[in-house]
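Colleague: Here's a structure for you.
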Amino acid sequence: MYVAQPIEWIDDGVVILDQRRLPTEEVHHTFRDYREVARAIREMVIRGAPAIGVAAAMGVALGVQNSRAATVEALRGEFAEICETLAQTRPTAVDLFWALERMKRRFTALLTEKTGLDEIRRALVAEAIQIHAEKKATDEAIGRYGAAFLPAEGQVMTQCNAGALATGGIGTALGVIRVAFEQGKKLHVLVPETRPYLQGARLTAWELHRGGIPLTLITDNMVGHFLKTGKVGAVVTGADRVAANGDAANKIGTYPIAVLAKENNVPFYIAAPISTLDLSIASGERIPIEERPASEVTHIQGVRIAPDVPAAHPAFDVTPARYITAIFTERGVAKPPYSESLAALAASAQTVGTLSIR
């Protein structure tokens, strides 16, 4: 089954599939400077919380590899600037900061070990590649846990794009659907278009179609109709940040889907890696919401569709935990009360040597 490859490390740099050009064109760019990687994240050449984390790690590795620092001390100063540049790209997705903190820890350990410049460069490249490999394994595990909760047959709904394009693996929410489909479940996916950036129409529909999974594309304002009349067995989405109490930020439009699912007795699931948990914040009220350019609302691919008026574009909304039936992670399934179950899963991740929360 086809799996998209949104990002790859090669000797010449970081190769990223330009998701702005999908579905009509598959264009790959090779970035050779960490500032170019930062721009690619900010301008949504690559998007999706786990994939942003991978890109950030590779951006750090690229910056260190290409640094002209002649001493370890000089590199230390450049390293801080590299990390800060990448940290300023997107504020909501916690995987970005998780990946940067992991690269910082690795760099600090290498300094403590009095490692030479060349070895530091090699070690940070290896760390970034390892993060990518771990994300792939994480997706597979999330898929196995989540697939058991999907119906044996019938319709399921998702939101935005939480597939391979968003993670570098098989995806989180789409990974759950993909594994269930491969297990023989007869599923048909309802895909809301996800205005204004159309990640559902452009990306999720493209991934599912390429993977041979049946789907129907719907407009965002059809969601309530289909949840009421379409015999939807489950909704499964990804997340960009999950607070300690289970409140989850995801692409704008997720919150009303969750409310409508609750109203119509449809289970609503989140699929996200442990690295997406931010147990340092008590609730979703403290999750920063990125405000993107108004032009993404008033224009589609450069074509104006609205008059020259003010437009809002909060890129995410927060779904309160009371609307979430369960959260699928690579370490298991969290159920209410999330303040207990998420903490337990995060602790289990730490016991195997993976520090996955900020």
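The chains in the structure tokens are called A, B, ... from first to last as shown; in each chain the residues are counted from 1, and the ligands are counted from 1 in the order shown.
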Would you list the contacts of Leu215 in chain A as a list in words, taking every protein, DNA or RNA residue within 9 Å and counting only C-alpha atoms, but skipping same-chain residues closer than 6 positions in sequence?

Modeller: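 In the requested format, the answer is Gln155, Leu187, His188, Val189, Leu190, Val191, Ala205, Leu208 and His209 of chain A.
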
Colleague: Determine, counting only C-alpha atoms, which protein, DNA and RNA residues have an atom within 8 Å of an atom of range 264-271 of chain A; residues of the same chain fewer than 3 positions away are not included. Present the result as number ranges by chain.

Modeller: A: 142, 146, 172-173, 176, 227-228, 232-239, 258, 260-261, 323-329

Colleague: For a quick check of understanding, using only C-alpha atoms, which of A:Arg195, A:Arg121, A:Arg39, A:His225 has the smallest distance to Ser67 in chain A?

Modeller: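 Among the listed residues, the smallest separation from Ser67 in chain A belongs to A:Arg121.
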
Colleague: Show which residues sit within 8 Å of Ala137 in chain A, as a ChimeraX atom specification. Count only C-alpha atoms, and ignore same-chain residues fewer than 4 positions away.

Modeller: /A:133,141,169

Colleague: I need the chosen residues saved as a CSV table (one decimal), in the first residue's frame, with C-alpha atoms.

Modeller:
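Output file part_18.csv is given in full below:
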chain,number,residue,atom,x,y,z
A,133,ALA,CA,12.8,6.2,12.6
A,141,ALA,CA,2.1,1.1,17.4
A,169,GLY,CA,5.5,7.2,9.1

Colleague: So, with only C-alpha atoms as the atoms that count, which of A:Arg304, A:Arg286, A:His299, A:Arg68 lies closest to Ala249 in chain A?

Modeller: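 Nearest candidate to Ala249 in chain A out of A:Arg304, A:Arg286, A:His299, A:Arg68: A:Arg286.
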
Colleague: Identify which of the residues A:Asp247, A:Asp118, A:Glu8, A:Glu182 lies closest to Ala69 in chain A, counting only C-alpha atoms when measuring atom-to-atom distances.

Modeller: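 Closest to Ala69 in chain A of all the choices is A:Asp118.
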
Colleague: Closest to Leu117 in chain A among A:Val72, A:Val37, A:Val15, A:Ala248, using only C-alpha atoms?

Modeller: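 Nearest candidate to Leu117 in chain A out of A:Val72, A:Val37, A:Val15, A:Ala248: A:Val72.
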
Colleague: From the list A:Arg21, A:Ile7, A:Ala321, A:Gln301, which residue is nearest Ala57 in chain A when using only C-alpha atoms?

Modeller: A:Ile7
